[in-house]
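> My questions will all concern the structure given below.
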Amino acid sequence: MKIDKFVLFIIVAIVLAYFFPELGVKQVINTISSVGISLIFFFYGLKLSPSKLKAGLKNWKLHILVQVATFILFPLLVLIVKPFLLNQEQETIWLAFFFLAALPSTVSSSVVMVSIAKGNMPAAIFNASISGIIGILVTPLWMGLFVTNDQTSFNFIDIYTKLIVQIILPVVLGLLLQRYLGTFAQKHSSKITLFDKSIILLIIYKSFASSFTNNIFSTVSALDLVLLLAGVLVLFTITYFSTGFIATKLNFNIEDKITAQFCGTKKSLVHGTVFSKIIFGNMAAIGIILLPIMLFHATQILIISVIASKLAKRKV
């Protein structure tokens, strides 16, 4: 299996943040990342096809399962652990996991993996696309239940104002211009993806630079990282097999089951980095908040790649 190059670049961004944290606190970096976020979602709107979304509405059982797994099953699994927290450090790590659990699915990798595994492609495109839209509303609602004023100045009006300006308006503008620029966006999809990833790497660098500057990781040991990875794997495994079990009970065919398991267990690193900037602002522990989603992104791609490769060998 080839290592995802984007995962390697994430590691490089973190290393740069460790050795050169002073660049991450400059205002110009903050401005570029803010503008970049709006452009990411403008291009996202350009690539959304209203006709395909409308056609995808027919398979409603599959769609409901994917969205329930994404926005309900994930958060409930993390909520089970909350009563067992003992100190502030564990509270922060738990909040990072809950943030991961509250995030929407992602489009690109979900669709690519479903394609490799010969799953239901139209349903994958529909669910991955609609998940991002639902997440704009649902993720802040979930986080508002547990983010306190001691951790960050969480204000629903302020949060949703930023979401409207930086995300919703660009998406709507992209949708309105889709009939004129949609073909252009599809033609240059690889370049747009490169731009998206560049902005995400910039936000990751900025977030970790801030955390390194404030010595947030001084309390995080190698054992803590191992436990974080174990937690991510447990969360993925339970969700993957639970989704598959429900899909079997609902008599899904193999293509729909693949789509349910692949899309229902994916979490968007793009939305994670963007939402962390909007929801948590300049919170000192922002680097720790992003750790679970980055670990999840890397491990999920690796595991699903292996599964997809095996499924691709079956006769259709």
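Ligands are numbered from 1 in the order shown, chains are lettered A, B, ... in the order of the structure tokens, and residues start at 1 in each chain.
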Got a sec to tell me which of segment 54-217 of chain A DSSP assigns to alpha helix (DSSP H), as number ranges by chain?

A: 54-55, 60-68, 74-79, 88-102, 108-116, 121-144, 156-163, 169-176, 178-187, 189-213

> Do you have, as a tab-separated table, the list of residues of segment 255-300 of chain A lying at most 12 Å from segment 308-313 of chain A, each with its nearest atom pair and that distance in Å to one decimal, counting only C-alpha atoms and ordered by chain then number?


residue	atom	partner	partner_atom	distance
A:Glu255	CA	A:Leu311	CA	10.1
A:Lys257	CA	A:Leu311	CA	11.6
A:Ile258	CA	A:Ala308	CA	8.7
A:Thr259	CA	A:Ala308	CA	10.8
A:Gln261	CA	A:Ala308	CA	10.9
A:Phe262	CA	A:Ala308	CA	9.0
A:Gln300	CA	A:Ala308	CA	11.6

> Once you have the residues from the selection above, write them out as a tab-separated table (two decimals), in the first residue's frame, restricted to C-alpha atoms.


chain	number	residue	atom	x	y	z
A	255	GLU	CA	-23.05	-2.08	-3.31
A	257	LYS	CA	-23.61	-1.82	2.14
A	258	ILE	CA	-20.18	-0.74	0.89
A	259	THR	CA	-21.41	2.83	0.47
A	261	GLN	CA	-19.83	1.59	5.62
A	262	PHE	CA	-17.38	3.73	3.66
A	300	GLN	CA	-9.30	5.38	8.03

> Tell me, counting only C-alpha atoms, for each residue of segment 202-314 of chain A within 10 Å of segment 127-145 of chain A, which pair of atoms is nearest and how far apart they are in Å to one decimal, in rows ordered by chain and increasing number, as CSV.


residue,atom,partner,partner_atom,distance
A:Thr259,CA,A:Asn127,CA,9.0
A:Ala260,CA,A:Asn127,CA,9.1
A:Cys263,CA,A:Ala128,CA,6.7
A:Gly264,CA,A:Asn127,CA,8.8
A:Lys266,CA,A:Ala128,CA,9.0
A:Lys267,CA,A:Ser131,CA,9.8
A:Ser268,CA,A:Gly132,CA,8.4
A:Val270,CA,A:Gly132,CA,9.9
A:His271,CA,A:Gly132,CA,7.8
A:Gly272,CA,A:Thr139,CA,9.8
A:Phe275,CA,A:Pro140,CA,8.2
A:Ile278,CA,A:Pro140,CA,9.5
A:Ile279,CA,A:Pro140,CA,7.3
A:Phe280,CA,A:Met143,CA,9.9

> Could you check which of A:Thr31, A:Thr213, A:Thr265, A:Ser276 is closest to Thr106 of chain A, using only C-alpha atoms?

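Comparing A:Thr31, A:Thr213, A:Thr265, A:Ser276 against Thr106 of chain A, the winner is A:Thr265.
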
> Calculate how many Å separate atom CA of Tyr240 of chain A from atom CA of Leu86 of chain A, rounding to one decimal.

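Atom CA of Leu86 of chain A lies at a distance of 28.7 Å from atom CA of Tyr240 of chain A.
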
> Take atom CA of Phe84 of chain A and atom CA of Thr299 of chain A and report the distance between them in Å, one decimal.

25.6 Å

> Between A:Leu250, A:Ala17, A:Ile29, A:Val68, single out the one closest to Ala209 of chain A, counting only C-alpha atoms.

A:Ala17
